Amino acid sequence: MKLLSVLGLFLLVGAAVSQDGARLLAAKNILNEYLIEGKDLTILYSIYNVGSSAAMDVTLEDETFSPEEFTVVQGKLSVQWERIAPGSNVSHSVILTPLKSQLYNFTSAKVSYIPTEEAQQRATYTSSPGERGIVTLKEFDRQFSPHYMDWGVFAVMTIPPVGIPFLLWFMSKRKYEAMVTAKPKKN
């Protein structure tokens, strides 16, 4: 009985592996390290064909970026390719501008394709970059600017607490050195 179940499992795995046709793997990546309101945000889509035949009528659609929250600067959120050869890949990038500072959930895009000439259209989804925070430009500058003005104010404010004791010490030292070097008066 065990032998029969193991043999059945091998047959199922073999049938699944031997399916002919295209098989697409898709990834969606955010290329920016920091997401800033009003600054460019680059999204990279990569589609890989790991199947045994070409994928036809491949369509990538990303409907997750609403016009109220993002402006498309360059690229398209819906693109098509006639075919993607087996063992090859295609990439597409979109440059957006976030209009609001918020915590945003970057979800997956939909990829649809025809795996073989006789097959019906199949759909898959890209990876999901997840939740990322979009900060205001003021907040970004507060965290990452060199703060020259702050350091200048700090330097000016440290002059009195350091300078006044130094002047008192220096005047006292000069007074005592003058007393030591002065010749004693003889009577």
# chains A, B, ... in the order shown; residues from 1 in each chain; ligands from 1
>>> residues_around(residues="A:Pro67", least_positions_apart="2", cutoff="12 Å", atoms="only C-alpha atoms", output="JSON, numbers by chain")
{"A": [63, 64, 65, 69, 70, 71, 72, 73, 77, 96, 97, 98, 99, 100]}
>>> residues_around(residues="A:Val58", least_positions_apart="6", cutoff="9 Å", atoms="only C-alpha atoms", output="list of chain:residue names")
A:Val79, A:Gln80, A:Trp81, A:Glu82, A:Arg83, A:Ile84, A:Val111, A:Ser112, A:Tyr113, A:Ile114
>>> write_last_selection(atoms="N, CA, C and O atoms", output="mmCIF file, in the first residue's frame")
data_model
loop_
_atom_site.group_PDB
_atom_site.id
_atom_site.type_symbol
_atom_site.label_atom_id
_atom_site.label_comp_id
_atom_site.auth_asym_id
_atom_site.auth_seq_id
_atom_site.Cartn_x
_atom_site.Cartn_y
_atom_site.Cartn_z
ATOM 1 N N VAL A 79 1.165 47.592 -19.725
ATOM 2 C CA VAL A 79 2.007 47.362 -20.909
ATOM 3 C C VAL A 79 1.767 45.960 -21.456
ATOM 4 O O VAL A 79 1.278 45.081 -20.743
ATOM 5 N N GLN A 80 2.132 45.768 -22.739
ATOM 6 C CA GLN A 80 1.949 44.476 -23.392
ATOM 7 C C GLN A 80 3.212 44.088 -24.151
ATOM 8 O O GLN A 80 3.942 44.943 -24.644
ATOM 9 N N TRP A 81 3.428 42.769 -24.227
ATOM 10 C CA TRP A 81 4.480 42.197 -25.054
ATOM 11 C C TRP A 81 3.830 41.106 -25.901
ATOM 12 O O TRP A 81 2.973 40.360 -25.415
ATOM 13 N N GLU A 82 4.243 41.002 -27.160
ATOM 14 C CA GLU A 82 3.691 39.958 -28.033
ATOM 15 C C GLU A 82 4.073 38.576 -27.553
ATOM 16 O O GLU A 82 3.246 37.686 -27.488
ATOM 17 N N ARG A 83 5.367 38.392 -27.265
ATOM 18 C CA ARG A 83 5.848 37.093 -26.791
ATOM 19 C C ARG A 83 7.085 37.278 -25.925
ATOM 20 O O ARG A 83 7.847 38.210 -26.093
ATOM 21 N N ILE A 84 7.233 36.339 -25.018
ATOM 22 C CA ILE A 84 8.441 36.260 -24.198
ATOM 23 C C ILE A 84 8.977 34.847 -24.388
ATOM 24 O O ILE A 84 8.317 33.867 -24.058
ATOM 25 N N VAL A 111 -0.397 39.943 -14.074
ATOM 26 C CA VAL A 111 0.231 39.572 -15.341
ATOM 27 C C VAL A 111 -0.640 38.487 -15.971
ATOM 28 O O VAL A 111 -0.872 37.445 -15.357
ATOM 29 N N SER A 112 -1.114 38.731 -17.185
ATOM 30 C CA SER A 112 -1.900 37.713 -17.883
ATOM 31 C C SER A 112 -1.176 37.342 -19.177
ATOM 32 O O SER A 112 -0.522 38.181 -19.798
ATOM 33 N N TYR A 113 -1.308 36.076 -19.570
ATOM 34 C CA TYR A 113 -0.604 35.582 -20.756
ATOM 35 C C TYR A 113 -1.264 34.309 -21.256
ATOM 36 O O TYR A 113 -2.080 33.698 -20.570
ATOM 37 N N ILE A 114 -0.883 33.899 -22.469
ATOM 38 C CA ILE A 114 -1.335 32.639 -23.045
ATOM 39 C C ILE A 114 -0.127 31.709 -23.068
ATOM 40 O O ILE A 114 0.862 31.993 -23.745
#
>>> select_by_dssp(residues="stretch 13-183 of chain A", states="helix (DSSP H, G or I)", output="JSON list (two decimals) with N, CA, C and O atoms, in the first residue's frame")
[["chain", "number", "residue", "atom", "x", "y", "z"],
["A", 13, "VAL", "N", 3.71, 14.21, -9.51],
["A", 13, "VAL", "CA", 4.80, 15.18, -9.62],
["A", 13, "VAL", "C", 5.35, 15.18, -11.04],
["A", 13, "VAL", "O", 5.59, 16.23, -11.63],
["A", 14, "GLY", "N", 5.53, 14.02, -11.62],
["A", 14, "GLY", "CA", 6.03, 13.92, -13.00],
["A", 14, "GLY", "C", 5.08, 14.56, -13.99],
["A", 14, "GLY", "O", 5.50, 15.23, -14.93],
["A", 15, "ALA", "N", 3.78, 14.37, -13.80],
["A", 15, "ALA", "CA", 2.80, 14.98, -14.70],
["A", 15, "ALA", "C", 2.82, 16.50, -14.56],
["A", 15, "ALA", "O", 2.70, 17.23, -15.55],
["A", 16, "ALA", "N", 2.99, 17.00, -13.36],
["A", 16, "ALA", "CA", 3.01, 18.44, -13.14],
["A", 16, "ALA", "C", 4.27, 19.06, -13.75],
["A", 16, "ALA", "O", 4.22, 20.15, -14.32],
["A", 17, "VAL", "N", 5.40, 18.36, -13.63],
["A", 17, "VAL", "CA", 6.65, 18.89, -14.16],
["A", 17, "VAL", "C", 6.68, 18.83, -15.69],
["A", 17, "VAL", "O", 7.22, 19.71, -16.35],
["A", 137, "LEU", "N", 9.06, 66.04, 2.58],
["A", 137, "LEU", "CA", 10.41, 66.53, 2.29],
["A", 137, "LEU", "C", 11.01, 67.20, 3.53],
["A", 137, "LEU", "O", 12.21, 67.04, 3.80],
["A", 138, "LYS", "N", 10.19, 67.89, 4.29],
["A", 138, "LYS", "CA", 10.67, 68.55, 5.52],
["A", 138, "LYS", "C", 11.19, 67.51, 6.52],
["A", 138, "LYS", "O", 12.25, 67.69, 7.12],
["A", 139, "GLU", "N", 10.46, 66.42, 6.69],
["A", 139, "GLU", "CA", 10.88, 65.35, 7.61],
["A", 139, "GLU", "C", 12.17, 64.68, 7.12],
["A", 139, "GLU", "O", 13.07, 64.39, 7.90],
["A", 140, "PHE", "N", 12.27, 64.47, 5.80],
["A", 140, "PHE", "CA", 13.48, 63.86, 5.24],
["A", 140, "PHE", "C", 14.69, 64.77, 5.46],
["A", 140, "PHE", "O", 15.76, 64.31, 5.87],
["A", 141, "ASP", "N", 14.53, 66.07, 5.20],
["A", 141, "ASP", "CA", 15.63, 67.01, 5.40],
["A", 141, "ASP", "C", 16.02, 67.10, 6.88],
["A", 141, "ASP", "O", 17.19, 67.24, 7.21],
["A", 142, "ARG", "N", 15.04, 67.04, 7.76],
["A", 142, "ARG", "CA", 15.33, 67.09, 9.19],
["A", 142, "ARG", "C", 16.20, 65.91, 9.61],
["A", 142, "ARG", "O", 17.10, 66.05, 10.44],
["A", 143, "GLN", "N", 15.98, 64.75, 9.02],
["A", 143, "GLN", "CA", 16.74, 63.57, 9.40],
["A", 143, "GLN", "C", 18.11, 63.49, 8.72],
["A", 143, "GLN", "O", 19.06, 62.99, 9.30],
["A", 144, "PHE", "N", 18.21, 63.96, 7.47],
["A", 144, "PHE", "CA", 19.41, 63.67, 6.69],
["A", 144, "PHE", "C", 20.22, 64.88, 6.25],
["A", 144, "PHE", "O", 21.24, 64.72, 5.60],
["A", 148, "TYR", "N", 24.05, 72.57, 9.24],
["A", 148, "TYR", "CA", 25.09, 73.58, 9.42],
["A", 148, "TYR", "C", 24.65, 74.70, 10.36],
["A", 148, "TYR", "O", 25.41, 75.15, 11.20],
["A", 149, "MET", "N", 23.43, 75.15, 10.21],
["A", 149, "MET", "CA", 22.93, 76.23, 11.06],
["A", 149, "MET", "C", 22.90, 75.78, 12.53],
["A", 149, "MET", "O", 23.28, 76.55, 13.42],
["A", 150, "ASP", "N", 22.45, 74.56, 12.77],
["A", 150, "ASP", "CA", 22.41, 74.05, 14.14],
["A", 150, "ASP", "C", 23.80, 73.99, 14.76],
["A", 150, "ASP", "O", 23.99, 74.36, 15.92],
["A", 151, "TRP", "N", 24.78, 73.51, 14.00],
["A", 151, "TRP", "CA", 26.15, 73.42, 14.52],
["A", 151, "TRP", "C", 26.74, 74.82, 14.73],
["A", 151, "TRP", "O", 27.52, 75.04, 15.68],
["A", 152, "GLY", "N", 26.40, 75.78, 13.88],
["A", 152, "GLY", "CA", 26.88, 77.16, 14.06],
["A", 152, "GLY", "C", 26.33, 77.77, 15.34],
["A", 152, "GLY", "O", 27.07, 78.41, 16.11],
["A", 153, "VAL", "N", 25.04, 77.60, 15.59],
["A", 153, "VAL", "CA", 24.42, 78.11, 16.83],
["A", 153, "VAL", "C", 25.06, 77.42, 18.04],
["A", 153, "VAL", "O", 25.34, 78.06, 19.05],
["A", 154, "PHE", "N", 25.30, 76.13, 17.94],
["A", 154, "PHE", "CA", 25.94, 75.39, 19.04],
["A", 154, "PHE", "C", 27.33, 75.97, 19.34],
["A", 154, "PHE", "O", 27.69, 76.16, 20.51],
["A", 155, "ALA", "N", 28.10, 76.24, 18.28],
["A", 155, "ALA", "CA", 29.45, 76.78, 18.49],
["A", 155, "ALA", "C", 29.40, 78.15, 19.15],
["A", 155, "ALA", "O", 30.18, 78.44, 20.08],
["A", 156, "VAL", "N", 28.48, 79.01, 18.73],
["A", 156, "VAL", "CA", 28.36, 80.35, 19.32],
["A", 156, "VAL", "C", 27.92, 80.25, 20.78],
["A", 156, "VAL", "O", 28.40, 80.99, 21.64],
["A", 157, "MET", "N", 27.03, 79.32, 21.07],
["A", 157, "MET", "CA", 26.53, 79.19, 22.44],
["A", 157, "MET", "C", 27.56, 78.56, 23.39],
["A", 157, "MET", "O", 27.46, 78.74, 24.60],
["A", 158, "THR", "N", 28.53, 77.84, 22.88],
["A", 158, "THR", "CA", 29.55, 77.25, 23.76],
["A", 158, "THR", "C", 30.70, 78.20, 24.05],
["A", 158, "THR", "O", 31.51, 77.92, 24.95],
["A", 159, "ILE", "N", 30.78, 79.32, 23.38],
["A", 159, "ILE", "CA", 31.88, 80.27, 23.61],
["A", 159, "ILE", "C", 31.82, 80.84, 25.03],
["A", 159, "ILE", "O", 32.83, 80.82, 25.74],
["A", 160, "PRO", "N", 30.69, 81.36, 25.53],
["A", 160, "PRO", "CA", 30.69, 81.91, 26.90],
["A", 160, "PRO", "C", 31.02, 80.89, 27.98],
["A", 160, "PRO", "O", 31.88, 81.20, 28.84],
["A", 161, "PRO", "N", 30.42, 79.69, 28.01],
["A", 161, "PRO", "CA", 30.76, 78.78, 29.12],
["A", 161, "PRO", "C", 32.20, 78.27, 29.08],
["A", 161, "PRO", "O", 32.76, 77.89, 30.11],
["A", 162, "VAL", "N", 32.82, 78.28, 27.92],
["A", 162, "VAL", "CA", 34.21, 77.82, 27.84],
["A", 162, "VAL", "C", 35.16, 79.01, 27.86],
["A", 162, "VAL", "O", 36.22, 78.98, 28.49],
["A", 163, "GLY", "N", 34.79, 80.09, 27.20],
["A", 163, "GLY", "CA", 35.68, 81.25, 27.06],
["A", 163, "GLY", "C", 35.87, 82.04, 28.33],
["A", 163, "GLY", "O", 36.98, 82.48, 28.65],
["A", 164, "ILE", "N", 34.82, 82.29, 29.11],
["A", 164, "ILE", "CA", 34.92, 83.09, 30.33],
["A", 164, "ILE", "C", 35.82, 82.42, 31.37],
["A", 164, "ILE", "O", 36.73, 83.07, 31.90],
["A", 165, "PRO", "N", 35.64, 81.12, 31.66],
["A", 165, "PRO", "CA", 36.58, 80.49, 32.61],
["A", 165, "PRO", "C", 38.02, 80.50, 32.09],
["A", 165, "PRO", "O", 38.97, 80.66, 32.88],
["A", 166, "PHE", "N", 38.21, 80.37, 30.78],
["A", 166, "PHE", "CA", 39.56, 80.41, 30.23],
["A", 166, "PHE", "C", 40.18, 81.79, 30.46],
["A", 166, "PHE", "O", 41.36, 81.90, 30.84],
["A", 167, "LEU", "N", 39.43, 82.87, 30.20],
["A", 167, "LEU", "CA", 39.96, 84.22, 30.40],
["A", 167, "LEU", "C", 40.31, 84.46, 31.87],
["A", 167, "LEU", "O", 41.34, 85.08, 32.18],
["A", 168, "LEU", "N", 39.45, 84.01, 32.80],
["A", 168, "LEU", "CA", 39.76, 84.18, 34.23],
["A", 168, "LEU", "C", 41.04, 83.44, 34.61],
["A", 168, "LEU", "O", 41.89, 83.96, 35.34],
["A", 169, "TRP", "N", 41.19, 82.22, 34.13],
["A", 169, "TRP", "CA", 42.41, 81.45, 34.41],
["A", 169, "TRP", "C", 43.63, 82.13, 33.82],
["A", 169, "TRP", "O", 44.67, 82.23, 34.46],
["A", 170, "PHE", "N", 43.52, 82.60, 32.59],
["A", 170, "PHE", "CA", 44.65, 83.22, 31.90],
["A", 170, "PHE", "C", 45.09, 84.49, 32.63],
["A", 170, "PHE", "O", 46.29, 84.74, 32.80],
["A", 171, "MET", "N", 44.13, 85.33, 33.07],
["A", 171, "MET", "CA", 44.48, 86.56, 33.78],
["A", 171, "MET", "C", 45.13, 86.24, 35.13],
["A", 171, "MET", "O", 46.10, 86.89, 35.53],
["A", 172, "SER", "N", 44.61, 85.21, 35.81],
["A", 172, "SER", "CA", 45.20, 84.82, 37.10],
["A", 172, "SER", "C", 46.61, 84.28, 36.89],
["A", 172, "SER", "O", 47.53, 84.60, 37.66],
["A", 173, "LYS", "N", 46.80, 83.48, 35.88],
["A", 173, "LYS", "CA", 48.13, 82.91, 35.59],
["A", 173, "LYS", "C", 49.12, 84.03, 35.30],
["A", 173, "LYS", "O", 50.26, 84.02, 35.79],
["A", 174, "ARG", "N", 48.72, 85.01, 34.49],
["A", 174, "ARG", "CA", 49.61, 86.10, 34.14],
["A", 174, "ARG", "C", 49.98, 86.93, 35.38],
["A", 174, "ARG", "O", 51.12, 87.37, 35.55],
["A", 175, "LYS", "N", 49.02, 87.11, 36.26],
["A", 175, "LYS", "CA", 49.27, 87.89, 37.49],
["A", 175, "LYS", "C", 50.31, 87.19, 38.37],
["A", 175, "LYS", "O", 51.25, 87.82, 38.86],
["A", 176, "TYR", "N", 50.16, 85.86, 38.55],
["A", 176, "TYR", "CA", 51.10, 85.13, 39.40],
["A", 176, "TYR", "C", 52.46, 84.97, 38.74],
["A", 176, "TYR", "O", 53.48, 84.97, 39.44],
["A", 177, "GLU", "N", 52.51, 84.85, 37.44],
["A", 177, "GLU", "CA", 53.80, 84.79, 36.75],
["A", 177, "GLU", "C", 54.54, 86.11, 36.88],
["A", 177, "GLU", "O", 55.77, 86.15, 37.02],
["A", 178, "ALA", "N", 53.77, 87.19, 36.86],
["A", 178, "ALA", "CA", 54.40, 88.51, 37.01],
["A", 178, "ALA", "C", 54.96, 88.67, 38.42],
["A", 178, "ALA", "O", 56.03, 89.28, 38.62],
["A", 179, "MET", "N", 54.29, 88.12, 39.40],
["A", 179, "MET", "CA", 54.78, 88.21, 40.78],
["A", 179, "MET", "C", 56.04, 87.38, 40.96],
["A", 179, "MET", "O", 56.96, 87.77, 41.69],
["A", 180, "VAL", "N", 56.11, 86.22, 40.31],
["A", 180, "VAL", "CA", 57.27, 85.35, 40.46],
["A", 180, "VAL", "C", 58.47, 85.96, 39.75],
["A", 180, "VAL", "O", 59.60, 85.91, 40.24],
["A", 181, "THR", "N", 58.28, 86.50, 38.62],
["A", 181, "THR", "CA", 59.40, 87.04, 37.85],
["A", 181, "THR", "C", 59.81, 88.42, 38.36],
["A", 181, "THR", "O", 60.89, 88.90, 38.01]]
>>> select_by_dssp(residues="stretch 77-164 of chain A", states="strand (DSSP E or B)", output="PyMOL selection string")
chain A and resi 78-84+89-98+102-106+110-114+122-125+130-135
>>> write_last_selection(atoms="N, CA, C and O atoms", output="short mmCIF file (atom, residue, chain, number, x, y, z; two decimals), in the first residue's frame")
data_model
loop_
_atom_site.label_atom_id
_atom_site.label_comp_id
_atom_site.auth_asym_id
_atom_site.auth_seq_id
_atom_site.Cartn_x
_atom_site.Cartn_y
_atom_site.Cartn_z
N SER A 78 0.18 50.00 -17.57
CA SER A 78 -0.36 48.87 -18.31
C SER A 78 0.45 48.72 -19.60
O SER A 78 0.44 49.62 -20.44
N VAL A 79 1.17 47.59 -19.73
CA VAL A 79 2.01 47.36 -20.91
C VAL A 79 1.77 45.96 -21.46
O VAL A 79 1.28 45.08 -20.74
N GLN A 80 2.13 45.77 -22.74
CA GLN A 80 1.95 44.48 -23.39
C GLN A 80 3.21 44.09 -24.15
O GLN A 80 3.94 44.94 -24.64
N TRP A 81 3.43 42.77 -24.23
CA TRP A 81 4.48 42.20 -25.05
C TRP A 81 3.83 41.11 -25.90
O TRP A 81 2.97 40.36 -25.41
N GLU A 82 4.24 41.00 -27.16
CA GLU A 82 3.69 39.96 -28.03
C GLU A 82 4.07 38.58 -27.55
O GLU A 82 3.25 37.69 -27.49
N ARG A 83 5.37 38.39 -27.26
CA ARG A 83 5.85 37.09 -26.79
C ARG A 83 7.09 37.28 -25.93
O ARG A 83 7.85 38.21 -26.09
N ILE A 84 7.23 36.34 -25.02
CA ILE A 84 8.44 36.26 -24.20
C ILE A 84 8.98 34.85 -24.39
O ILE A 84 8.32 33.87 -24.06
N ASN A 89 13.72 36.99 -20.14
CA ASN A 89 12.98 37.88 -19.25
C ASN A 89 12.81 39.24 -19.89
O ASN A 89 13.52 39.60 -20.82
N VAL A 90 11.85 40.00 -19.38
CA VAL A 90 11.63 41.39 -19.79
C VAL A 90 11.49 42.23 -18.52
O VAL A 90 11.12 41.73 -17.46
N SER A 91 11.82 43.49 -18.66
CA SER A 91 11.70 44.42 -17.54
C SER A 91 10.96 45.66 -17.99
O SER A 91 11.00 46.03 -19.16
N HIS A 92 10.31 46.30 -17.05
CA HIS A 92 9.59 47.54 -17.33
C HIS A 92 9.67 48.39 -16.07
O HIS A 92 9.55 47.88 -14.95
N SER A 93 9.90 49.67 -16.24
CA SER A 93 9.95 50.54 -15.07
C SER A 93 8.99 51.71 -15.24
O SER A 93 8.70 52.14 -16.35
N VAL A 94 8.51 52.19 -14.12
CA VAL A 94 7.59 53.32 -14.06
C VAL A 94 8.12 54.28 -13.02
O VAL A 94 8.56 53.87 -11.94
N ILE A 95 8.10 55.57 -13.35
CA ILE A 95 8.50 56.60 -12.40
C ILE A 95 7.25 57.35 -11.98
O ILE A 95 6.53 57.90 -12.81
N LEU A 96 7.00 57.36 -10.68
CA LEU A 96 5.82 58.01 -10.10
C LEU A 96 6.25 59.09 -9.13
O LEU A 96 7.39 59.09 -8.65
N THR A 97 5.33 60.00 -8.83
CA THR A 97 5.55 60.99 -7.79
C THR A 97 4.46 60.85 -6.75
O THR A 97 3.28 61.03 -7.06
N PRO A 98 4.81 60.51 -5.50
CA PRO A 98 3.79 60.44 -4.45
C PRO A 98 3.28 61.84 -4.11
O PRO A 98 4.06 62.78 -3.99
N GLN A 102 2.33 59.25 3.70
CA GLN A 102 1.47 58.26 4.36
C GLN A 102 2.18 56.92 4.41
O GLN A 102 3.22 56.74 3.79
N LEU A 103 1.59 56.00 5.11
CA LEU A 103 2.03 54.62 5.09
C LEU A 103 1.25 53.96 3.96
O LEU A 103 0.03 53.92 4.01
N TYR A 104 1.95 53.47 2.92
CA TYR A 104 1.27 52.97 1.73
C TYR A 104 1.58 51.49 1.54
O TYR A 104 2.73 51.07 1.66
N ASN A 105 0.55 50.72 1.21
CA ASN A 105 0.71 49.29 0.97
C ASN A 105 0.90 49.07 -0.54
O ASN A 105 -0.05 49.21 -1.30
N PHE A 106 2.11 48.75 -0.94
CA PHE A 106 2.40 48.48 -2.35
C PHE A 106 2.05 47.02 -2.62
O PHE A 106 2.76 46.12 -2.21
N LYS A 110 -1.01 42.57 -11.81
CA LYS A 110 -1.53 41.38 -12.48
C LYS A 110 -0.81 41.18 -13.82
O LYS A 110 -0.64 42.12 -14.60
N VAL A 111 -0.40 39.94 -14.07
CA VAL A 111 0.23 39.57 -15.34
C VAL A 111 -0.64 38.49 -15.97
O VAL A 111 -0.87 37.45 -15.36
N SER A 112 -1.11 38.73 -17.18
CA SER A 112 -1.90 37.71 -17.88
C SER A 112 -1.18 37.34 -19.18
O SER A 112 -0.52 38.18 -19.80
N TYR A 113 -1.31 36.08 -19.57
CA TYR A 113 -0.60 35.58 -20.76
C TYR A 113 -1.26 34.31 -21.26
O TYR A 113 -2.08 33.70 -20.57
N ILE A 114 -0.88 33.90 -22.47
CA ILE A 114 -1.33 32.64 -23.04
C ILE A 114 -0.13 31.71 -23.07
O ILE A 114 0.86 31.99 -23.75
N ARG A 122 -4.07 32.80 -19.05
CA ARG A 122 -3.75 32.48 -17.66
C ARG A 122 -3.29 33.78 -16.98
O ARG A 122 -2.72 34.65 -17.61
N ALA A 123 -3.53 33.87 -15.69
CA ALA A 123 -3.13 35.07 -14.95
C ALA A 123 -2.24 34.68 -13.78
O ALA A 123 -2.38 33.62 -13.19
N THR A 124 -1.32 35.54 -13.47
CA THR A 124 -0.47 35.41 -12.30
C THR A 124 -0.26 36.81 -11.73
O THR A 124 -0.66 37.80 -12.34
N TYR A 125 0.38 36.88 -10.59
CA TYR A 125 0.59 38.17 -9.94
C TYR A 125 2.07 38.35 -9.60
O TYR A 125 2.78 37.39 -9.37
N GLY A 130 5.13 45.31 -0.31
CA GLY A 130 4.66 45.48 1.06
C GLY A 130 4.43 46.92 1.44
O GLY A 130 4.37 47.82 0.60
N GLU A 131 4.32 47.15 2.73
CA GLU A 131 4.00 48.45 3.27
C GLU A 131 5.27 49.28 3.45
O GLU A 131 6.23 48.82 4.05
N ARG A 132 5.25 50.49 2.92
CA ARG A 132 6.39 51.41 3.06
C ARG A 132 5.86 52.79 3.42
O ARG A 132 4.79 53.19 2.99
N GLY A 133 6.64 53.53 4.15
CA GLY A 133 6.24 54.87 4.55
C GLY A 133 6.75 55.91 3.58
O GLY A 133 7.90 55.89 3.16
N ILE A 134 5.87 56.83 3.21
CA ILE A 134 6.23 57.98 2.37
C ILE A 134 6.29 59.18 3.30
O ILE A 134 5.31 59.51 3.96
N VAL A 135 7.46 59.83 3.39
CA VAL A 135 7.65 60.95 4.32
C VAL A 135 7.63 62.27 3.57
O VAL A 135 7.87 62.33 2.36
#
